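S.K.: Contents are compact mmCIF, C-alpha atoms; file name structure.txt:
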```txt
# COMPACT_ATOMS: atom_id res chain seq x y z
CA MET A 141 39.37 -44.54 38.81
CA PHE A 142 39.66 -45.51 42.50
CA LYS A 143 36.57 -47.69 42.42
CA GLY A 144 38.09 -50.46 40.40
CA GLU A 145 36.46 -52.92 38.03
CA ARG A 146 33.79 -54.04 40.51
CA CYS A 147 31.89 -50.77 40.28
CA SER A 148 30.83 -51.42 36.73
CA SER A 149 28.71 -54.33 38.02
CA SER A 150 25.67 -54.39 40.35
CA LYS A 151 27.84 -55.38 43.32
CA CYS A 152 29.57 -52.01 43.66
CA ALA A 153 30.34 -51.19 47.29
CA MET A 154 30.14 -47.45 46.64
CA VAL A 155 26.45 -47.49 45.72
CA LYS A 156 24.18 -46.61 48.67
CA ARG A 157 21.30 -49.04 49.06
CA ASN A 158 18.11 -48.39 50.96
CA TYR A 159 18.51 -51.50 53.11
CA PRO A 160 21.16 -52.66 55.59
CA PRO A 161 24.06 -54.86 54.42
CA GLY A 162 24.18 -58.61 54.79
CA TYR A 163 22.19 -61.70 53.99
CA HIS A 164 19.07 -60.53 55.88
CA GLY A 165 19.20 -56.89 54.72
CA ALA A 166 17.01 -56.77 51.64
CA LYS A 167 13.75 -57.63 53.46
CA GLY A 168 10.94 -55.12 53.70
CA LYS A 169 10.28 -53.05 56.76
CA LYS A 170 8.00 -54.67 59.33
CA ARG A 171 4.63 -53.11 60.05
CA GLN A 172 4.57 -51.14 63.25
CA SER A 173 2.17 -52.27 65.98
CA ASP A 174 -0.84 -50.19 67.02
CA TYR A 175 0.91 -49.34 70.26
CA GLY A 176 3.97 -48.15 68.32
CA LEU A 177 1.86 -45.92 66.08
CA GLN A 178 0.06 -44.44 69.10
CA LEU A 179 3.34 -43.85 70.91
CA ASN A 180 4.86 -42.13 67.86
CA GLU A 181 1.84 -39.84 67.57
CA LYS A 182 2.03 -38.92 71.25
CA GLN A 183 5.76 -38.26 71.03
CA LYS A 184 5.27 -36.10 67.93
CA ALA A 185 2.71 -33.94 69.75
CA ARG A 186 4.85 -33.77 72.87
CA LYS A 187 7.91 -32.65 70.92
CA GLN A 188 5.93 -30.21 68.79
CA TYR A 189 4.73 -28.40 71.91
CA ASN A 190 8.15 -28.82 73.62
CA LEU A 191 6.84 -30.58 76.74
CA GLN A 192 8.20 -33.17 79.12
CA GLU A 193 6.34 -36.47 79.53
CA LYS A 194 4.89 -35.58 82.94
CA GLN A 195 3.65 -32.17 81.74
CA PHE A 196 1.98 -33.75 78.71
CA LYS A 197 0.28 -36.42 80.80
CA LEU A 198 -1.03 -33.84 83.29
CA ILE A 199 -2.52 -31.80 80.44
CA PHE A 200 -4.09 -34.95 78.98
CA ASN A 201 -5.62 -35.83 82.36
CA LYS A 202 -7.06 -32.31 82.63
CA ALA A 203 -8.48 -32.61 79.09
CA ASP A 204 -9.95 -36.03 79.90
CA LYS A 205 -11.89 -34.59 82.86
CA GLN A 206 -13.44 -31.84 80.74
CA VAL A 207 -16.77 -32.29 78.97
CA GLY A 208 -16.54 -32.96 75.24
CA ASN A 209 -14.05 -34.51 72.86
CA THR A 210 -10.88 -35.34 74.80
CA GLY A 211 -8.60 -34.90 71.79
CA GLU A 212 -9.94 -31.43 70.99
CA ASN A 213 -9.81 -30.45 74.66
CA LEU A 214 -6.18 -31.59 74.78
CA LEU A 215 -5.28 -29.49 71.76
CA LYS A 216 -7.12 -26.45 73.16
CA LEU A 217 -5.25 -26.74 76.46
CA LEU A 218 -1.95 -27.04 74.61
CA GLU A 219 -2.76 -24.01 72.46
CA MET A 220 -3.82 -21.91 75.48
CA ARG A 221 -0.43 -22.25 77.18
CA LEU A 222 1.36 -18.91 77.50
CA ASP A 223 4.51 -20.06 75.70
CA ASN A 224 2.43 -21.31 72.77
CA ALA A 225 0.38 -18.10 72.65
CA VAL A 226 3.61 -16.05 72.52
CA TYR A 227 4.82 -18.27 69.66
CA ARG A 228 1.48 -18.02 67.80
CA LEU A 229 1.54 -14.21 68.10
CA GLY A 230 4.95 -14.21 66.41
CA LEU A 231 6.81 -12.73 69.37
CA ALA A 232 9.16 -15.74 69.20
CA ALA A 233 10.54 -17.77 66.30
CA SER A 234 9.91 -21.15 67.97
CA ARG A 235 8.14 -22.62 70.97
CA SER A 236 11.50 -23.17 72.67
CA GLN A 237 12.35 -19.52 72.24
CA ALA A 238 8.89 -18.52 73.47
CA ARG A 239 9.39 -20.68 76.56
CA GLN A 240 12.70 -18.94 77.22
CA ILE A 241 11.23 -15.45 76.70
CA VAL A 242 8.44 -16.22 79.15
CA GLY A 243 10.79 -17.89 81.64
CA HIS A 244 13.13 -14.89 81.65
CA GLY A 245 10.24 -12.58 82.58
CA HIS A 246 9.97 -10.56 79.34
CA ILE A 247 6.18 -11.04 79.09
CA THR A 248 3.33 -9.51 81.08
CA ILE A 249 -0.29 -10.56 81.17
CA ASN A 250 -2.77 -7.80 81.99
CA GLY A 251 0.15 -5.70 83.29
CA LYS A 252 1.54 -8.36 85.65
CA LYS A 253 4.80 -10.20 85.06
CA VAL A 254 4.28 -13.90 84.38
CA ASN A 255 7.31 -16.17 84.04
CA ILE A 256 5.53 -19.53 83.96
CA PRO A 257 5.43 -20.99 80.43
CA SER A 258 2.58 -23.37 81.31
CA TYR A 259 0.29 -20.52 82.45
CA GLN A 260 -3.13 -20.99 80.85
CA VAL A 261 -4.24 -17.79 79.14
CA LYS A 262 -7.92 -16.89 79.22
CA ALA A 263 -10.22 -14.97 76.91
CA GLY A 264 -9.60 -11.24 77.34
CA ASP A 265 -5.98 -11.58 78.53
CA ILE A 266 -3.54 -9.08 77.07
CA ILE A 267 -0.10 -10.54 76.43
CA LYS A 268 2.54 -7.85 76.15
CA VAL A 269 6.32 -7.51 76.00
CA LYS A 270 7.57 -5.53 79.02
CA ALA A 271 8.21 -1.86 78.26
CA LYS A 272 11.79 -2.11 79.56
CA LYS A 273 12.54 -5.07 77.28
CA LYS A 274 11.31 -3.45 74.04
CA ASN A 275 14.78 -1.92 73.53
CA ASN A 276 16.33 -5.38 73.80
CA ILE A 277 18.18 -6.46 70.64
CA PHE A 278 15.69 -9.26 70.09
CA PHE A 279 12.54 -7.10 70.29
CA LYS A 280 13.94 -3.94 68.62
CA ASN A 281 13.08 -4.78 65.00
CA LEU A 282 10.38 -7.34 65.73
CA HIS A 283 7.42 -5.07 64.92
CA GLU A 284 8.61 -4.87 61.28
CA LYS A 285 8.50 -8.67 61.00
CA LEU A 286 5.10 -8.82 62.68
CA ASN A 287 3.40 -6.57 60.13
CA ASN A 288 3.04 -9.45 57.67
CA ALA A 289 2.74 -12.26 60.24
CA SER A 290 -0.28 -14.55 60.18
CA VAL A 291 -1.98 -14.94 63.54
CA PRO A 292 -4.67 -17.53 64.39
CA GLY A 293 -8.28 -16.32 64.62
CA TRP A 294 -8.43 -16.65 68.40
CA LEU A 295 -5.64 -14.10 68.89
CA HIS A 296 -5.32 -10.42 67.95
CA LEU A 297 -1.87 -8.88 67.40
CA ASP A 298 -0.84 -5.24 67.81
CA SER A 299 2.57 -5.17 66.13
CA GLN A 300 3.39 -1.58 67.13
CA GLU A 301 2.86 -2.24 70.83
CA LEU A 302 4.29 -5.80 70.68
CA SER A 303 1.18 -7.10 72.34
CA GLY A 304 -1.65 -9.47 71.66
CA LYS A 305 -5.09 -10.17 73.03
CA VAL A 306 -6.75 -13.53 73.50
CA LEU A 307 -10.15 -13.05 71.88
CA HIS A 308 -11.63 -16.44 72.79
CA ARG A 309 -10.71 -20.08 73.26
CA PRO A 310 -9.55 -21.65 70.01
CA LEU A 311 -12.40 -23.13 68.02
CA LYS A 312 -12.23 -26.41 66.12
CA ASN A 313 -11.49 -24.64 62.82
CA ASP A 314 -8.74 -22.53 64.49
CA LEU A 315 -6.86 -25.69 65.41
CA GLU A 316 -4.64 -26.62 62.50
CA THR A 317 -2.62 -29.68 63.29
CA ASN A 318 -0.84 -32.59 61.73
CA ILE A 319 -1.41 -34.66 64.87
CA ASN A 320 -3.83 -37.59 65.01
CA LEU A 321 -5.54 -36.83 68.33
CA GLN A 322 -7.48 -40.10 68.34
CA MET A 323 -4.20 -42.05 68.52
CA ILE A 324 -3.10 -40.05 71.58
CA VAL A 325 -6.44 -40.68 73.31
CA GLU A 326 -6.15 -44.38 72.53
CA TYR A 327 -2.57 -44.41 73.86
CA TYR A 328 -3.61 -43.02 77.25
CA SER A 329 -6.79 -45.14 77.35
CA ARG A 330 -5.03 -48.50 77.39
```
So, in terms of structure tokens, how does the structure I just supplied come out?

M.R.:
Amino acid sequence: MFKGERCSSSKCAMVKRNYPPGYHGAKGKKRQSDYGLQLNEKQKARKQYNLQEKQFKLIFNKADKQVGNTGENLLKLLEMRLDNAVYRLGLAASRSQARQIVGHGHITINGKKVNIPSYQVKAGDIIKVKAKKKNNIFFKNLHEKLNNASVPGWLHLDSQELSGKVLHRPLKNDLETNINLQMIVEYYSR
């Protein structure tokens, strides 16, 4: 009705096309360079773990100095961060929320308050929600949600106590990721 006669032809302005308008619009998308692909992969990993550029680079440098595969070492260091461990245990819905919970001092490790999200947990550490904070609105009904939560093999969850234990460093098969680690290593190796 409002479209007019033109919309019965192929030149209808109301039809959304998958290319930009104009004479040069219908071309295919250009192939991204190797550098662009590497940068995208690094940015994806950085955003997934909710880190700033400097933090990510420092972790990569630490992983590079360790013996073994740099990509796997990087992923292990990222997974062993306290905010990520809190997220993996299910005590937080996202890594951002886990970072906030840790930063606000709601978490203890081996009975001591730790409010540094980048703290590297070790095998045998017990991560626990503070006793005073268990009555908080956020943590009150959390143990019901945690009963059917899936936890990685390197962590053990006690849903009644709202605590978890780091059993060991994550193994290669514990690391499930959609990140191409080789691209990140190549990015930093240029």

S.K.: Quick one: residues within 7 Å of segment 206-211 of chain A, all atoms listed in the file counted, chain neighbours fewer than 5 positions away excluded, as a list in words?

M.R.: Leu321, Gln322 and Val325 of chain A

S.K.: Write out the residues from the selection above, keeping C-alpha atoms, as a compact mmCIF listing (two decimals), in the coordinates of the input.

M.R.:
```txt
# COMPACT_ATOMS: atom_id res chain seq x y z
CA LEU A 321 -5.54 -36.83 68.33
CA GLN A 322 -7.48 -40.10 68.34
CA VAL A 325 -6.44 -40.68 73.31
```

S.K.: From the set A:Asn320, A:Gln300, A:Asn201, A:Asn275, which residue has the shortest atom-to-atom contact distance to Asn287 of chain A, counting only C-alpha atoms?

M.R.: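 Answer, going by the shortest atom-to-atom distance: A:Gln300.
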
S.K.: Can you pull out the residues contacting Asp265 of chain A? Cut-off 7 Å, using all atoms listed in the file, and skip same-chain residues under 5 positions away; I want them as a ChimeraX atom specification.

M.R.: /A:249-250,305-306

S.K.: With only C-alpha atoms as the atoms that count, which of A:Tyr259, A:Tyr163, A:Phe278, A:Tyr227 lies nearest to Val291 of chain A?

M.R.: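 The answer is A:Tyr227, which sits nearest to Val291 of chain A.
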
S.K.: Write out as a Markdown table the residues of segment 148-206 of chain A that have any atom within 9 Å of an atom of segment 235-242 of chain A, one row each with the nearest atom pair and its distance in Å to one decimal, counting all atoms listed in the file, sorted by chain and then rising number.

M.R.:
```
| residue | atom | partner | partner_atom | distance |
| --- | --- | --- | --- | --- |
| A:Gln188 | CA | A:Arg235 | CA | 8.2 |
| A:Tyr189 | CA | A:Arg235 | CA | 6.8 |
| A:Asn190 | CA | A:Ser236 | CA | 6.6 |
```

S.K.: When you draw a straight line from atom CA of Lys280 of chain A to atom CA of Ser299 of chain A, how long is it in Å?

M.R.: 11.7 Å

S.K.: For Leu215 of chain A, which of A:Leu231, A:Ile324, A:Leu315, A:Cys147 is the closest residue, counting all atoms listed in the file?

M.R.: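 Under the stated criterion, the closest residue is A:Leu315.
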
S.K.: Given the point (1.9, -8.7, 68.0) in the coordinates of this file, which residues lie within 8 Å, counting only C-alpha atoms, and how would they look as a ChimeraX atom specification?

M.R.: /A:229-231,283,286,296-304

S.K.: Could you save those same residues with C-alpha atoms as a PDB file, in the frame of the given file?

M.R.:
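Result file result.pdb:
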```
ATOM      1  CA  LEU A 229       1.540 -14.210  68.100  1.00  0.00           C
ATOM      2  CA  GLY A 230       4.950 -14.210  66.410  1.00  0.00           C
ATOM      3  CA  LEU A 231       6.810 -12.730  69.370  1.00  0.00           C
ATOM      4  CA  HIS A 283       7.420  -5.070  64.920  1.00  0.00           C
ATOM      5  CA  LEU A 286       5.100  -8.820  62.680  1.00  0.00           C
ATOM      6  CA  HIS A 296      -5.320 -10.420  67.950  1.00  0.00           C
ATOM      7  CA  LEU A 297      -1.870  -8.880  67.400  1.00  0.00           C
ATOM      8  CA  ASP A 298      -0.840  -5.240  67.810  1.00  0.00           C
ATOM      9  CA  SER A 299       2.570  -5.170  66.130  1.00  0.00           C
ATOM     10  CA  GLN A 300       3.390  -1.580  67.130  1.00  0.00           C
ATOM     11  CA  GLU A 301       2.860  -2.240  70.830  1.00  0.00           C
ATOM     12  CA  LEU A 302       4.290  -5.800  70.680  1.00  0.00           C
ATOM     13  CA  SER A 303       1.180  -7.100  72.340  1.00  0.00           C
ATOM     14  CA  GLY A 304      -1.650  -9.470  71.660  1.00  0.00           C
TER      15      GLY A 304
END
```

S.K.: In Å, with one decimal, what is the gap from atom CA of Ile247 of chain A to atom CA of Gln183 of chain A?

M.R.: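 A separation of 28.4 Å between them.
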
S.K.: Since the input lacks some atoms of segment 258-271 of chain A, please model N, CA and C atoms and print them as a CSV table (one decimal), in the coordinates of the input.

M.R.:
```csv
chain,number,residue,atom,x,y,z
A,258,SER,N,3.8,-22.5,81.4
A,258,SER,CA,2.6,-23.4,81.3
A,258,SER,C,1.3,-22.6,81.7
A,259,TYR,N,1.4,-21.3,82.0
A,259,TYR,CA,0.3,-20.5,82.4
A,259,TYR,C,-0.8,-20.6,81.4
A,260,GLN,N,-2.0,-20.9,81.8
A,260,GLN,CA,-3.1,-21.0,80.8
A,260,GLN,C,-3.7,-19.6,80.7
A,261,VAL,N,-3.6,-19.1,79.4
A,261,VAL,CA,-4.2,-17.8,79.1
A,261,VAL,C,-5.8,-18.0,79.0
A,262,LYS,N,-6.5,-16.9,79.3
A,262,LYS,CA,-7.9,-16.9,79.2
A,262,LYS,C,-8.4,-15.8,78.2
A,263,ALA,N,-9.6,-15.9,77.8
A,263,ALA,CA,-10.2,-15.0,76.9
A,263,ALA,C,-10.2,-13.6,77.6
A,264,GLY,N,-9.7,-12.6,76.8
A,264,GLY,CA,-9.6,-11.2,77.3
A,264,GLY,C,-8.2,-10.9,77.9
A,265,ASP,N,-7.3,-11.9,78.0
A,265,ASP,CA,-6.0,-11.6,78.5
A,265,ASP,C,-5.2,-10.8,77.5
A,266,ILE,N,-4.4,-9.8,77.9
A,266,ILE,CA,-3.5,-9.1,77.1
A,266,ILE,C,-2.1,-9.5,77.4
A,267,ILE,N,-1.5,-10.1,76.3
A,267,ILE,CA,-0.1,-10.5,76.4
A,267,ILE,C,0.8,-9.5,75.8
A,268,LYS,N,1.8,-9.0,76.6
A,268,LYS,CA,2.5,-7.8,76.2
A,268,LYS,C,4.0,-8.0,76.5
A,269,VAL,N,4.9,-7.5,75.7
A,269,VAL,CA,6.3,-7.5,76.0
A,269,VAL,C,6.5,-6.3,77.0
A,270,LYS,N,7.3,-6.6,78.0
A,270,LYS,CA,7.6,-5.5,79.0
A,270,LYS,C,8.1,-4.3,78.3
A,271,ALA,N,7.8,-3.1,78.8
A,271,ALA,CA,8.2,-1.9,78.3
A,271,ALA,C,9.7,-1.7,78.3
```
